[in-house]
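Text of upload_11.cif, listed as mmCIF, C-alpha atoms:
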data_model
#
loop_
_atom_site.group_PDB
_atom_site.id
_atom_site.type_symbol
_atom_site.label_atom_id
_atom_site.label_comp_id
_atom_site.auth_asym_id
_atom_site.auth_seq_id
_atom_site.Cartn_x
_atom_site.Cartn_y
_atom_site.Cartn_z
ATOM 1 C CA GLU A 1 -39.189 22.578 192.576
ATOM 2 C CA GLU A 2 -41.084 19.335 192.678
ATOM 3 C CA GLY A 3 -43.627 18.633 190.014
ATOM 4 C CA GLY A 4 -47.022 17.326 190.955
ATOM 5 C CA GLU A 5 -46.814 14.017 189.111
ATOM 6 C CA GLY A 6 -44.120 11.381 189.246
ATOM 7 C CA GLY A 7 -41.729 13.368 191.444
ATOM 8 C CA VAL A 8 -39.922 15.101 188.544
ATOM 9 C CA VAL A 9 -37.210 17.488 189.697
ATOM 10 C CA VAL A 10 -36.928 20.686 187.642
ATOM 11 C CA ASP A 11 -33.824 22.876 187.804
ATOM 12 C CA GLU A 12 -34.828 26.493 188.112
ATOM 13 C CA GLY A 13 -31.326 27.794 188.762
ATOM 14 C CA GLY A 14 -31.236 29.521 185.382
ATOM 15 C CA ASP A 15 -27.853 28.081 184.307
ATOM 16 C CA GLY A 16 -29.353 26.212 181.370
ATOM 17 C CA GLY A 17 -28.466 22.737 182.686
ATOM 18 C CA ASP A 18 -30.892 19.864 182.321
ATOM 19 C CA PHE A 19 -30.651 18.481 185.830
ATOM 20 C CA ASP A 20 -28.469 19.048 188.822
ATOM 21 C CA GLU A 21 -25.225 18.093 187.042
ATOM 22 C CA GLY A 22 -22.929 19.666 189.608
ATOM 23 C CA LYS A 23 -23.414 16.849 192.131
ATOM 24 C CA VAL A 24 -23.340 13.953 189.631
ATOM 25 C CA ASP A 25 -20.464 14.952 187.309
ATOM 26 C CA ASP A 26 -18.109 16.644 189.785
ATOM 27 C CA PRO A 27 -16.038 13.516 190.548
ATOM 28 C CA GLU A 28 -15.797 12.629 186.847
ATOM 29 C CA LEU A 29 -14.878 16.181 185.871
ATOM 30 C CA GLU A 30 -12.250 16.404 188.591
ATOM 31 C CA GLU A 31 -10.795 13.054 187.491
ATOM 32 C CA MET A 32 -10.544 14.295 183.891
ATOM 33 C CA LYS A 33 -8.878 17.529 185.002
ATOM 34 C CA ARG A 34 -6.392 15.527 187.068
ATOM 35 C CA ARG A 35 -5.557 13.256 184.107
ATOM 36 C CA VAL A 36 -5.069 16.227 181.771
ATOM 37 C CA GLN A 37 -2.740 17.832 184.313
ATOM 38 C CA GLU A 38 -0.739 14.567 184.598
ATOM 39 C CA MET A 39 -0.379 14.401 180.798
ATOM 40 C CA GLU A 40 0.754 18.024 180.614
ATOM 41 C CA ASP A 41 3.314 17.400 183.373
ATOM 42 C CA GLU A 42 4.612 14.318 181.560
ATOM 43 C CA ALA A 43 4.858 16.226 178.262
ATOM 44 C CA ALA A 44 6.865 18.954 180.025
ATOM 45 C CA LYS A 45 9.240 16.321 181.481
ATOM 46 C CA LEU A 46 9.749 14.737 178.048
ATOM 47 C CA LYS A 47 10.455 18.130 176.479
ATOM 48 C CA LYS A 48 13.001 18.893 179.209
ATOM 49 C CA MET A 49 14.724 15.505 178.723
ATOM 50 C CA GLN A 50 14.872 16.080 174.960
ATOM 51 C CA GLN A 51 16.516 19.484 175.452
ATOM 52 C CA GLU A 52 19.058 17.955 177.853
ATOM 53 C CA LEU A 53 19.973 15.317 175.260
ATOM 54 C CA GLN A 54 20.481 17.984 172.609
ATOM 55 C CA ASN A 55 22.679 19.979 174.981
ATOM 56 C CA GLU A 56 24.855 16.914 175.708
ATOM 57 C CA THR A 57 25.979 16.725 172.066
ATOM 58 C CA PRO A 58 29.127 18.868 171.867
ATOM 59 C CA ALA A 59 28.528 21.982 169.766
ATOM 60 C CA GLY A 60 32.043 22.035 168.290
ATOM 61 C CA GLU A 61 31.758 18.468 167.050
ATOM 62 C CA PRO A 62 29.088 18.174 164.332
ATOM 63 C CA GLN A 63 27.107 14.971 164.393
ATOM 64 C CA GLN A 64 27.909 12.721 161.427
ATOM 65 C CA SER A 65 25.010 11.499 159.370
ATOM 66 C CA SER A 66 24.619 7.794 158.753
ATOM 67 C CA ASP A 67 25.303 8.448 155.039
ATOM 68 C CA GLU A 68 28.838 9.603 155.824
ATOM 69 C CA THR A 69 29.585 6.585 158.009
ATOM 70 C CA SER A 70 28.012 3.891 155.812
ATOM 71 C CA ILE A 71 28.967 1.759 152.845
ATOM 72 C CA PHE A 72 26.862 0.055 150.195
ATOM 73 C CA VAL A 73 27.756 -3.569 149.508
ATOM 74 C CA SER A 74 26.525 -5.484 146.456
ATOM 75 C CA GLN A 75 27.000 -9.081 145.285
ATOM 76 C CA VAL A 76 26.200 -10.273 148.816
ATOM 77 C CA ASP A 77 25.378 -13.971 149.071
ATOM 78 C CA TYR A 78 21.605 -14.465 149.327
ATOM 79 C CA ASP A 79 21.929 -16.661 152.421
ATOM 80 C CA ALA A 80 24.262 -14.277 154.280
ATOM 81 C CA THR A 81 23.287 -13.048 157.735
ATOM 82 C CA PRO A 82 24.018 -9.619 159.245
ATOM 83 C CA GLU A 83 26.318 -11.315 161.789
ATOM 84 C CA GLU A 84 28.424 -12.876 159.020
ATOM 85 C CA LEU A 85 28.764 -9.522 157.242
ATOM 86 C CA GLN A 86 29.654 -7.873 160.544
ATOM 87 C CA ASN A 87 32.439 -10.422 161.057
ATOM 88 C CA HIS A 88 33.699 -9.805 157.512
ATOM 89 C CA PHE A 89 34.008 -6.028 158.093
ATOM 90 C CA ALA A 90 35.073 -6.217 161.760
ATOM 91 C CA THR A 91 38.702 -5.344 160.911
ATOM 92 C CA CYS A 92 37.599 -1.973 159.442
ATOM 93 C CA GLY A 93 36.274 -0.529 162.701
ATOM 94 C CA THR A 94 33.336 -0.542 165.096
ATOM 95 C CA ILE A 95 30.066 -1.365 163.333
ATOM 96 C CA ASN A 96 26.808 0.217 164.474
ATOM 97 C CA ARG A 97 24.415 -1.611 162.161
ATOM 98 C CA VAL A 98 24.256 -4.049 159.236
ATOM 99 C CA THR A 99 21.170 -3.927 157.021
ATOM 100 C CA ILE A 100 20.560 -6.551 154.345
ATOM 101 C CA LEU A 101 17.927 -5.447 151.838
ATOM 102 C CA CYS A 102 15.126 -7.958 151.334
ATOM 103 C CA ASP A 103 12.289 -8.279 148.865
ATOM 104 C CA ARG A 104 9.157 -7.024 150.600
ATOM 105 C CA PHE A 105 6.943 -9.772 149.200
ATOM 106 C CA THR A 106 9.125 -12.875 149.486
ATOM 107 C CA GLY A 107 11.352 -11.772 152.370
ATOM 108 C CA ARG A 108 14.351 -13.108 150.446
ATOM 109 C CA SER A 109 17.625 -11.178 150.295
ATOM 110 C CA LYS A 110 18.217 -8.968 147.244
ATOM 111 C CA GLY A 111 21.997 -9.361 147.473
ATOM 112 C CA TYR A 112 22.625 -5.812 148.725
ATOM 113 C CA ALA A 113 23.547 -4.523 152.163
ATOM 114 C CA TYR A 114 24.418 -1.358 154.048
ATOM 115 C CA VAL A 115 27.040 -1.367 156.778
ATOM 116 C CA GLU A 116 27.040 1.614 159.133
ATOM 117 C CA PHE A 117 30.243 2.289 161.070
ATOM 118 C CA GLU A 118 30.783 4.356 164.184
ATOM 119 C CA LYS A 119 33.466 6.554 162.597
ATOM 120 C CA GLN A 120 34.028 7.891 159.109
ATOM 121 C CA ASP A 121 37.626 6.562 159.075
ATOM 122 C CA SER A 122 36.189 3.039 159.088
ATOM 123 C CA VAL A 123 34.458 3.739 155.761
ATOM 124 C CA GLN A 124 37.838 4.362 154.097
ATOM 125 C CA ASN A 125 39.137 1.056 155.511
ATOM 126 C CA ALA A 126 36.047 -0.771 154.231
ATOM 127 C CA LEU A 127 36.396 0.720 150.749
ATOM 128 C CA LEU A 128 39.830 -0.923 150.559
ATOM 129 C CA MET A 129 38.049 -4.284 150.875
ATOM 130 C CA ASP A 130 36.331 -3.769 147.508
ATOM 131 C CA GLY A 131 36.673 -6.997 145.558
ATOM 132 C CA SER A 132 37.139 -9.162 148.657
ATOM 133 C CA ILE A 133 35.620 -12.651 148.629
ATOM 134 C CA PHE A 134 32.685 -13.317 150.963
ATOM 135 C CA LYS A 135 31.003 -16.744 150.909
ATOM 136 C CA GLY A 136 32.429 -17.459 147.470
ATOM 137 C CA ARG A 137 31.315 -14.148 145.909
ATOM 138 C CA GLN A 138 33.363 -11.067 145.085
ATOM 139 C CA LEU A 139 31.880 -8.089 146.936
ATOM 140 C CA LYS A 140 31.499 -4.673 145.368
ATOM 141 C CA ILE A 141 31.814 -1.924 147.962
ATOM 142 C CA ALA A 142 31.034 1.783 147.540
ATOM 143 C CA ALA A 143 30.471 4.707 149.880
ATOM 144 C CA LYS A 144 26.794 5.171 150.560
ATOM 145 C CA ARG A 145 25.287 7.836 148.357
ATOM 146 C CA ALA A 146 23.568 10.633 150.258
ATOM 147 C CA ASN A 147 19.780 10.523 150.242
ATOM 148 C CA LEU A 148 18.834 13.736 148.484
ATOM 149 C CA PRO A 149 15.200 14.882 148.530
ATOM 150 C CA GLY A 150 13.555 14.642 145.133
ATOM 151 C CA ARG A 151 15.897 11.938 143.844
ATOM 152 C CA GLY A 152 15.118 8.298 143.441
ATOM 153 C CA ARG A 153 11.744 6.630 143.074
ATOM 154 C CA GLY A 154 9.985 8.841 140.556
ATOM 155 C CA GLY A 155 10.798 12.134 142.280
ATOM 156 C CA GLY A 156 10.830 15.160 140.025
ATOM 157 C CA ARG A 157 10.954 15.155 136.231
ATOM 158 C CA GLY A 158 13.375 12.932 134.457
ATOM 159 C CA GLY A 159 15.040 10.282 136.548
ATOM 160 C CA ARG A 160 13.623 7.103 135.113
ATOM 161 C CA GLY A 161 12.160 8.870 132.112
ATOM 162 C CA GLY A 162 9.388 11.400 132.197
ATOM 163 C CA PHE A 163 6.842 9.090 130.556
ATOM 164 C CA ARG A 164 5.711 6.320 132.901
ATOM 165 C CA GLY A 165 3.976 3.161 131.917
ATOM 166 C CA GLY A 166 5.809 2.127 128.780
ATOM 167 C CA PHE A 167 2.829 2.260 126.387
ATOM 168 C CA ARG A 168 3.442 4.984 123.839
ATOM 169 C CA GLY A 169 0.467 4.804 121.545
ATOM 170 C CA ARG A 170 -0.218 2.876 118.345
ATOM 171 C CA GLY A 171 2.036 4.610 115.959
ATOM 172 C CA GLY A 172 5.257 2.698 115.965
ATOM 173 C CA GLY A 173 7.930 4.814 117.643
ATOM 174 C CA TYR A 174 8.676 7.339 120.216
ATOM 175 C CA ARG A 175 8.117 10.310 117.888
ATOM 176 C CA GLY A 176 4.608 9.348 116.889
ATOM 177 C CA GLY A 177 5.155 7.749 113.514
ATOM 178 C CA GLY A 178 1.490 7.500 112.719
ATOM 179 C CA GLY A 179 -1.686 8.109 114.638
ATOM 180 C CA GLY A 180 -0.427 8.352 118.180
ATOM 181 C CA GLY A 181 2.742 8.172 120.164
ATOM 182 C CA TYR A 182 4.173 10.493 122.743
ATOM 183 C CA ARG A 183 4.479 13.598 120.548
ATOM 184 C CA GLY A 184 1.957 14.739 118.025
ATOM 185 C CA GLY A 185 -0.914 12.798 116.631
ATOM 186 C CA TYR A 186 -4.141 12.114 118.444
ATOM 187 C CA ARG A 187 -3.632 12.306 122.220
ATOM 188 C CA GLY A 188 -7.128 11.424 123.353
ATOM 189 C CA TYR A 189 -8.245 8.191 124.930
ATOM 190 C CA ARG A 190 -7.729 5.121 122.765
ATOM 191 C CA PRO A 191 -8.291 1.819 124.575
ATOM 192 C CA TYR A 192 -6.438 -0.291 121.938
#
Entire entry expressed as structure tokens:
Amino acid sequence: EEGGEGGVVVDEGGDGGDFDEGKVDDPELEEMKRRVQEMEDEAAKLKKMQQELQNETPAGEPQQSSDETSIFVSQVDYDATPEELQNHFATCGTINRVTILCDRFTGRSKGYAYVEFEKQDSVQNALLMDGSIFKGRQLKIAAKRANLPGRGRGGGRGGRGGFRGGFRGRGGGYRGGGGGGYRGGYRGYRPY
């Protein structure tokens, strides 16, 4: 097993390994196996906890979506806080959450808010407050519209108009009055 020069050890066991890996890597390999087993055990515990939570929800009582228990409020004062809106709607019922929509670039309020109640009955009470005055502004209150897939922000055909971008060619109208436009005429690339 020992070579003549330099004391090189050659593995002649025939397992294809470079050197005697069994003695060097055994502790590392065992540690990895132990960690994998711990992660699998933890994943099994999490799955079990998740199933228990689902079983706790009564089957006869369907869970209400946040759309059914929420209202949309517009004309909200730009300096209003969620706490102030919560106080304004406190007489309607228990409030789970107040969300004031803000501009993503400036962080400033857009003047719209969503108020999510614990029960659907509270939504009816809140709708009666339509036109109420909050910080000197008359609020407009509506039931929150359900979020339907494919609606809103450019989903599907139609919506905000099938032709995006606003530039409709050189020809003077929508119908392609001369040399361009949306319908008819030359539809190739024209930079100006």
Name the residues in contact with Ala90 (chain A) at a cut-off of 12 Å, using only C-alpha atoms, excluding same-chain residues fewer than 5 positions from it; report them as a VMD selection string.
chain A and resid 82 to 85 95 to 98 115 to 118 122 to 123 125 to 126 129
Please, what distance in Å, to one decimal, runs between CA of Ala44 (chain A) and CA of Ser66 (chain A)?
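Computed distance, CA of Ala44 (chain A) to CA of Ser66 (chain A), equals 29.9 Å.
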Mind giving me the straight-line distance from CA of Thr91 (chain A) to CA of Leu127 (chain A) in Å, one decimal?
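Distance between the two atoms: 12.1 Å.
Note that CA of Gln54 (chain A) and CA of Gln120 (chain A) are 21.6 Å apart.
Among the candidates A:Leu46, A:Leu101, A:Leu139, A:Leu128, the one nearest to Thr81 (chain A) when counting only C-alpha atoms is A:Leu101.
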Best match for closeness to Phe72 (chain A) among A:Tyr114, A:Phe134, A:Phe89, A:Phe105, counting only C-alpha atoms
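Checking each candidate against Phe72 (chain A), we get A:Tyr114 as the closest.
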Using the chain letters and numbers from the file, which residues does the PyMOL selection byres ((chain A and resi 110) around 8) grab, as a list in words?
Tyr78, Ile100, Leu101, Cys102, Asp103, Arg108, Ser109, Gly111 and Tyr112 of chain A
Using only C-alpha atoms, can you tell me which of A:Ala143, A:Leu29, A:Met39, A:Leu53 comes closest to Ser70 (chain A)?
A:Ala143
Give the centre and edge lengths of an axis-aligned box, in Å to one decimal, that holds all listed atoms of region 72-89 of chain A with 4 Å on each side, as AutoDock Vina command-line options.
--center_x 27.8 --center_y -8.3 --center_z 153.5 --size_x 20.4 --size_y 24.7 --size_z 24.5
